[in-house]
Amino acid sequence: MSKSWVAALALALIALAALVGPFFSPYTYDHLDWSHVASAPALQDSHWLGTDRLGRDLFVRTLLGVRISLLVGLLATAVSLVIGVAFGSIAGYLGGRTDEVMMRAVDVLYSLPYIFIVIILTTLFDRGNLYVLFIGIGAVGWLTMARIVRGQTLSLKHREFIEAARALGLGTGAMLWRHIVPNLIGPVVVYATLTIPQMILYESFLSFLGLGVQEPLASLGNLISEGSREMESASWMLLVPAGFLVALLLCLNFIGDGLRDALDPRDR
Amino acid sequence: MLAYALRRLAILIPTLLVIVTLSFIVIRLAPGGPFDEERSLPPEIKANLEMVYGLDQPLAVQYGRYLRGLAHGDFGPSIKFRDLSVSELIARGLPVSVMLGLSAVLAALLAGVPLGIGAALRRDGVLDRSVRGLAVLGMALPGFVTGPLLALVFGLYLQWLPVAGFSGEARELVLPVLTLALPIAAYVTRLTRASLLDVLHSPYIRTARAKGIGEWRVIVTHALRPALTPVVSYLGPAVAFAFTGSLVVETVFALPGTGRYLVQGAINRDYGLVMGMIVVYGAVTLLANLATDLLYGWLDPRVRYE
């Protein structure tokens, strides 16, 4: 348990840094400082974490990337949560042929590497449209959520209070919304926490490949991509964003695991 | 079993067809076309180009033509790589990607299974704790972080291995394979450890021990086979993962595989190339899953195919 508390504290610190950090720097994320091109991290001149090839401040750009990552994590998870819960609970509650067809569709999507679908989705819209990116990533990540929710719904379906509500004449929609979904919160919250790092990973993966967040905006993915090209002469350009991404992912994974152990003791 | 395998193979083709159809529709609905980059293109020439590639035809006609080509193993022309057909591009890149992916899965198994066994046998020992820590790292870190970091350490600082590029030498593949294998190995280790611990607590192992069989024989002949079934069922997803991951690894280490075609094709709206890659990767993923299911039944006789 203590490990997840340390992780939660570290995550809070990173998030706080991402929110307020850029205000302390005299530079903006797209300011070109031609007198400090590709300079190493140093305390003087306020380029605390160095600059890139164009003299842009890496401290500000990396924290901007962390902001985008956290935003993607939350928004995309919210999208996948809504789709997954709706899909899974409807399939589980209706059962029969509907369930069969809906879950077969999930199986087919499952058998494809997610990256196909995301790449196809990114081709659908203008590259660099952040909201499309968030929704696109979330729209791919709901499959596991749907399976978990369906399983839970199946076990809820035959409980007495559901029978009672049905005997009172409650319609399907109201039944799902008032009785099924509220009882799914435990596992849904646990899985949603574990989804956040995945979503962050998808976004930085796409940005790394050049399909996600576009220049001059910074994301951890495109910063790492740039850094890996420049690492021979400017290793900090790789190490700074990579370090932040690693810290972020580890914190979120530890928190998710801790939450799972606390809320769902059977799955230990 | 044979009937089951054949039926699964028969479902495979319609599944692939669904994938092809959906991606065909979605890609064509996307705004922008393959000739957008060349802004100075006069409309007459653009129309001519579109006619050459059949892009002026109704979508249904193009779809029919594409399917007919596919049935003959022809993936059509690539619009950006003008001298090569998509089939030729795939034939060039696929061997590298396949070698990369398979070596990574193999390396992950060779490292992960023994480590998992070792960790399970000395539970909470030094090996167990360090393996668990490494497994968390291995699973949390994406290839586009570990790849450049490995290249930085082993390529630039220590100068043991080449940083990037591929000319046919095996040592050039060491870092890419390592990058790709790391998360798979981490997962395999964790699976092996957990399921071996589980099996070692079952009554029939206690019986075997009670009969006085040596500890090694108990593990090797009795515990290992059932303990490895979850690992085998992970192989399908692992192959799929290795193929997806090769996208990144090929970019990081500048390898001439097929992964980059998918990305470049998507950016350039190179319809034929994207479709070709989707068909190839889709088929590989589906086949890997099928092979896994069949292997699973062979390993665990309790599994019945209906």
# chains A, B, ... in the order shown; residues from 1 in each chain; ligands from 1
call {"tool": "closest_atom_pairs", "arguments": {"of": "chain B", "to": "chain A", "cutoff": "8 Å", "atoms": "only C-alpha atoms", "output": "tab-separated table"}}
result
residue	atom	partner	partner_atom	distance
B:Thr15	CA	A:Val108	CA	7.4
B:Ser23	CA	A:Ile120	CA	7.2
B:Val26	CA	A:Leu124	CA	7.1
B:Ile27	CA	A:Ile120	CA	6.6
B:Leu29	CA	A:Leu124	CA	7.0
B:Ala30	CA	A:Leu124	CA	4.1
B:Pro31	CA	A:Leu124	CA	6.5
B:Leu137	CA	A:Leu250	CA	7.5
B:Ala140	CA	A:Leu249	CA	6.2
B:Leu141	CA	A:Val246	CA	6.4
B:Pro142	CA	A:Leu201	CA	7.3
B:Phe144	CA	A:Phe205	CA	7.4
B:Val145	CA	A:Ala242	CA	6.0
B:Pro148	CA	A:Ser228	CA	5.6
B:Leu149	CA	A:Leu239	CA	8.0
B:Leu152	CA	A:Met231	CA	7.1
B:Leu156	CA	A:Glu232	CA	7.0
B:Ala240	CA	A:Pro113	CA	6.4
B:Phe241	CA	A:Pro113	CA	7.2
B:Thr244	CA	A:Pro113	CA	6.6
B:Val248	CA	A:Leu209	CA	7.4
B:Thr251	CA	A:Leu209	CA	7.9
B:Val252	CA	A:Ser228	CA	7.5
B:Val263	CA	A:Leu209	CA	7.1
B:Ala266	CA	A:Thr123	CA	6.1
B:Ile267	CA	A:Thr123	CA	7.1
B:Arg269	CA	A:Thr123	CA	7.8
B:Ile278	CA	A:Phe116	CA	7.1
B:Gly282	CA	A:Leu112	CA	6.3
B:Thr285	CA	A:Leu112	CA	6.6
B:Leu286	CA	A:Ser111	CA	6.5
B:Asn289	CA	A:Ser111	CA	7.6
call {"tool": "residues_around", "arguments": {"residues": "range 193-209 of chain B", "least_positions_apart": "6", "cutoff": "9 Å", "atoms": "only C-alpha atoms", "output": "ChimeraX atom specification"}}
result
/B:113,115-121,123,128,215,218-219,222-224,226-231
call {"tool": "residues_around", "arguments": {"residues": "range 153-158 of chain A", "least_positions_apart": "3", "cutoff": "8 Å", "atoms": "only C-alpha atoms", "output": "list in words"}}
result
Gly88, Ser89, Gly92, Tyr93, Val149, Arg150, Ile162, Glu163, Ile180 and Leu184 of chain A
call {"tool": "select_by_dssp", "arguments": {"residues": "range 243-291 of chain B", "states": "helix (DSSP H, G or I)", "output": "number ranges by chain"}}
result
B: 243-252, 259-268, 271-291
call {"tool": "residues_around", "arguments": {"residues": "Pro256 in chain B", "least_positions_apart": "4", "cutoff": "8 Å", "atoms": "only C-alpha atoms", "output": "list in words"}}
result
Gly93, Val96, Phe166 and Glu250 of chain B
call {"tool": "residues_around", "arguments": {"residues": "Ala181 in chain B", "least_positions_apart": "4", "cutoff": "7 Å", "atoms": "only C-alpha atoms", "output": "ChimeraX atom specification"}}
result
/B:104-105,107-108,177,185
call {"tool": "write_last_selection", "arguments": {"atoms": "N, CA and C atoms", "output": "short mmCIF file (atom, residue, chain, number, x, y, z; two decimals), in the first residue's frame"}}
result
data_model
loop_
_atom_site.label_atom_id
_atom_site.label_comp_id
_atom_site.auth_asym_id
_atom_site.auth_seq_id
_atom_site.Cartn_x
_atom_site.Cartn_y
_atom_site.Cartn_z
N ALA B 104 12.15 -11.65 -31.45
CA ALA B 104 11.80 -11.01 -30.18
C ALA B 104 10.96 -11.95 -29.32
N VAL B 105 9.96 -12.60 -29.94
CA VAL B 105 9.11 -13.51 -29.17
C VAL B 105 9.95 -14.67 -28.63
N ALA B 107 13.23 -14.75 -28.07
CA ALA B 107 14.13 -14.27 -27.02
C ALA B 107 13.36 -14.06 -25.72
N ALA B 108 12.13 -13.53 -25.84
CA ALA B 108 11.33 -13.28 -24.65
C ALA B 108 11.00 -14.59 -23.94
N VAL B 177 15.86 -6.21 -31.37
CA VAL B 177 15.19 -7.39 -30.81
C VAL B 177 15.05 -7.24 -29.30
N ALA B 185 9.00 -10.29 -22.62
CA ALA B 185 9.71 -11.09 -21.62
C ALA B 185 9.17 -10.79 -20.23
#
call {"tool": "residues_around", "arguments": {"residues": "Val20 in chain A", "least_positions_apart": "2", "cutoff": "12 Å", "atoms": "only C-alpha atoms", "output": "MDAnalysis selection string"}}
result
chainID A and resid 13:18 22:25 59:60 63:64 66:67
call {"tool": "write_last_selection", "arguments": {"atoms": "C-alpha atoms", "output": "PDB file, in the first residue's frame"}}
result
ATOM      1  CA  LEU A  13       3.912  16.632  -7.732  1.00  0.00           C
ATOM      2  CA  ILE A  14       4.355  15.993 -11.456  1.00  0.00           C
ATOM      3  CA  ALA A  15       0.824  17.210 -12.181  1.00  0.00           C
ATOM      4  CA  LEU A  16       1.371  20.325 -10.093  1.00  0.00           C
ATOM      5  CA  ALA A  17       4.660  20.996 -11.876  1.00  0.00           C
ATOM      6  CA  ALA A  18       2.934  20.565 -15.229  1.00  0.00           C
ATOM      7  CA  PRO A  22       5.655  26.823 -17.146  1.00  0.00           C
ATOM      8  CA  PHE A  23       4.597  30.113 -15.465  1.00  0.00           C
ATOM      9  CA  PHE A  24       7.911  30.312 -13.626  1.00  0.00           C
ATOM     10  CA  SER A  25       9.977  30.119 -16.767  1.00  0.00           C
ATOM     11  CA  PHE A  59      11.559  22.659 -19.317  1.00  0.00           C
ATOM     12  CA  VAL A  60       8.482  24.432 -20.658  1.00  0.00           C
ATOM     13  CA  LEU A  63       5.835  20.190 -18.935  1.00  0.00           C
ATOM     14  CA  LEU A  64       3.475  21.140 -21.762  1.00  0.00           C
ATOM     15  CA  VAL A  66       3.024  16.258 -19.504  1.00  0.00           C
ATOM     16  CA  ARG A  67      -0.106  18.450 -19.518  1.00  0.00           C
TER      17      ARG A  67
END
call {"tool": "residues_around", "arguments": {"residues": "Leu180 in chain B", "least_positions_apart": "5", "cutoff": "8 Å", "atoms": "only C-alpha atoms", "output": "PyMOL selection string"}}
result
chain B and resi 101+104+143+242+245-246+249
call {"tool": "atom_distance", "arguments": {"atom1": "CA of Val37 in chain A", "atom2": "CA of Arg53 in chain A"}}
result
5.4 Å
call {"tool": "decode", "arguments": {"residues": "range 126-144 of chain A", "atoms": "N, CA and C atoms", "output": "short mmCIF file (atom, residue, chain, number, x, y, z; two decimals), in the first residue's frame"}}
result
data_model
loop_
_atom_site.label_atom_id
_atom_site.label_comp_id
_atom_site.auth_asym_id
_atom_site.auth_seq_id
_atom_site.Cartn_x
_atom_site.Cartn_y
_atom_site.Cartn_z
N ASP A 126 -8.09 15.90 -39.83
CA ASP A 126 -6.86 16.67 -39.93
C ASP A 126 -5.91 16.20 -38.86
N ARG A 127 -4.66 16.05 -39.25
CA ARG A 127 -3.68 15.72 -38.24
C ARG A 127 -3.49 16.93 -37.34
N GLY A 128 -3.28 16.69 -36.06
CA GLY A 128 -3.02 17.79 -35.16
C GLY A 128 -4.26 18.32 -34.49
N ASN A 129 -5.44 17.80 -34.86
CA ASN A 129 -6.65 18.19 -34.15
C ASN A 129 -6.69 17.40 -32.84
N LEU A 130 -6.40 18.08 -31.73
CA LEU A 130 -6.22 17.38 -30.45
C LEU A 130 -7.45 16.63 -30.01
N TYR A 131 -8.63 17.24 -30.18
CA TYR A 131 -9.84 16.60 -29.66
C TYR A 131 -10.15 15.32 -30.40
N VAL A 132 -9.94 15.35 -31.74
CA VAL A 132 -10.14 14.14 -32.51
C VAL A 132 -9.20 13.05 -32.02
N LEU A 133 -7.97 13.46 -31.72
CA LEU A 133 -6.98 12.51 -31.23
C LEU A 133 -7.46 11.86 -29.92
N PHE A 134 -7.92 12.70 -28.99
CA PHE A 134 -8.38 12.19 -27.70
C PHE A 134 -9.52 11.20 -27.90
N ILE A 135 -10.51 11.63 -28.71
CA ILE A 135 -11.68 10.79 -28.89
C ILE A 135 -11.30 9.51 -29.64
N GLY A 136 -10.42 9.67 -30.65
CA GLY A 136 -10.00 8.51 -31.42
C GLY A 136 -9.32 7.47 -30.55
N ILE A 137 -8.43 7.91 -29.70
CA ILE A 137 -7.72 6.96 -28.83
C ILE A 137 -8.70 6.30 -27.86
N GLY A 138 -9.60 7.12 -27.30
CA GLY A 138 -10.59 6.57 -26.37
C GLY A 138 -11.52 5.58 -27.06
N ALA A 139 -11.85 5.89 -28.32
CA ALA A 139 -12.80 5.05 -29.04
C ALA A 139 -12.21 3.68 -29.32
N VAL A 140 -10.89 3.54 -29.20
CA VAL A 140 -10.27 2.24 -29.44
C VAL A 140 -10.08 1.48 -28.14
N GLY A 141 -9.98 2.22 -27.04
CA GLY A 141 -9.59 1.58 -25.79
C GLY A 141 -10.71 0.99 -24.96
N TRP A 142 -11.93 0.92 -25.50
CA TRP A 142 -13.05 0.53 -24.65
C TRP A 142 -13.31 -0.96 -24.62
N LEU A 143 -12.59 -1.74 -25.42
CA LEU A 143 -12.95 -3.14 -25.60
C LEU A 143 -12.87 -3.94 -24.29
N THR A 144 -11.75 -3.79 -23.58
CA THR A 144 -11.60 -4.54 -22.33
C THR A 144 -12.65 -4.10 -21.32
#
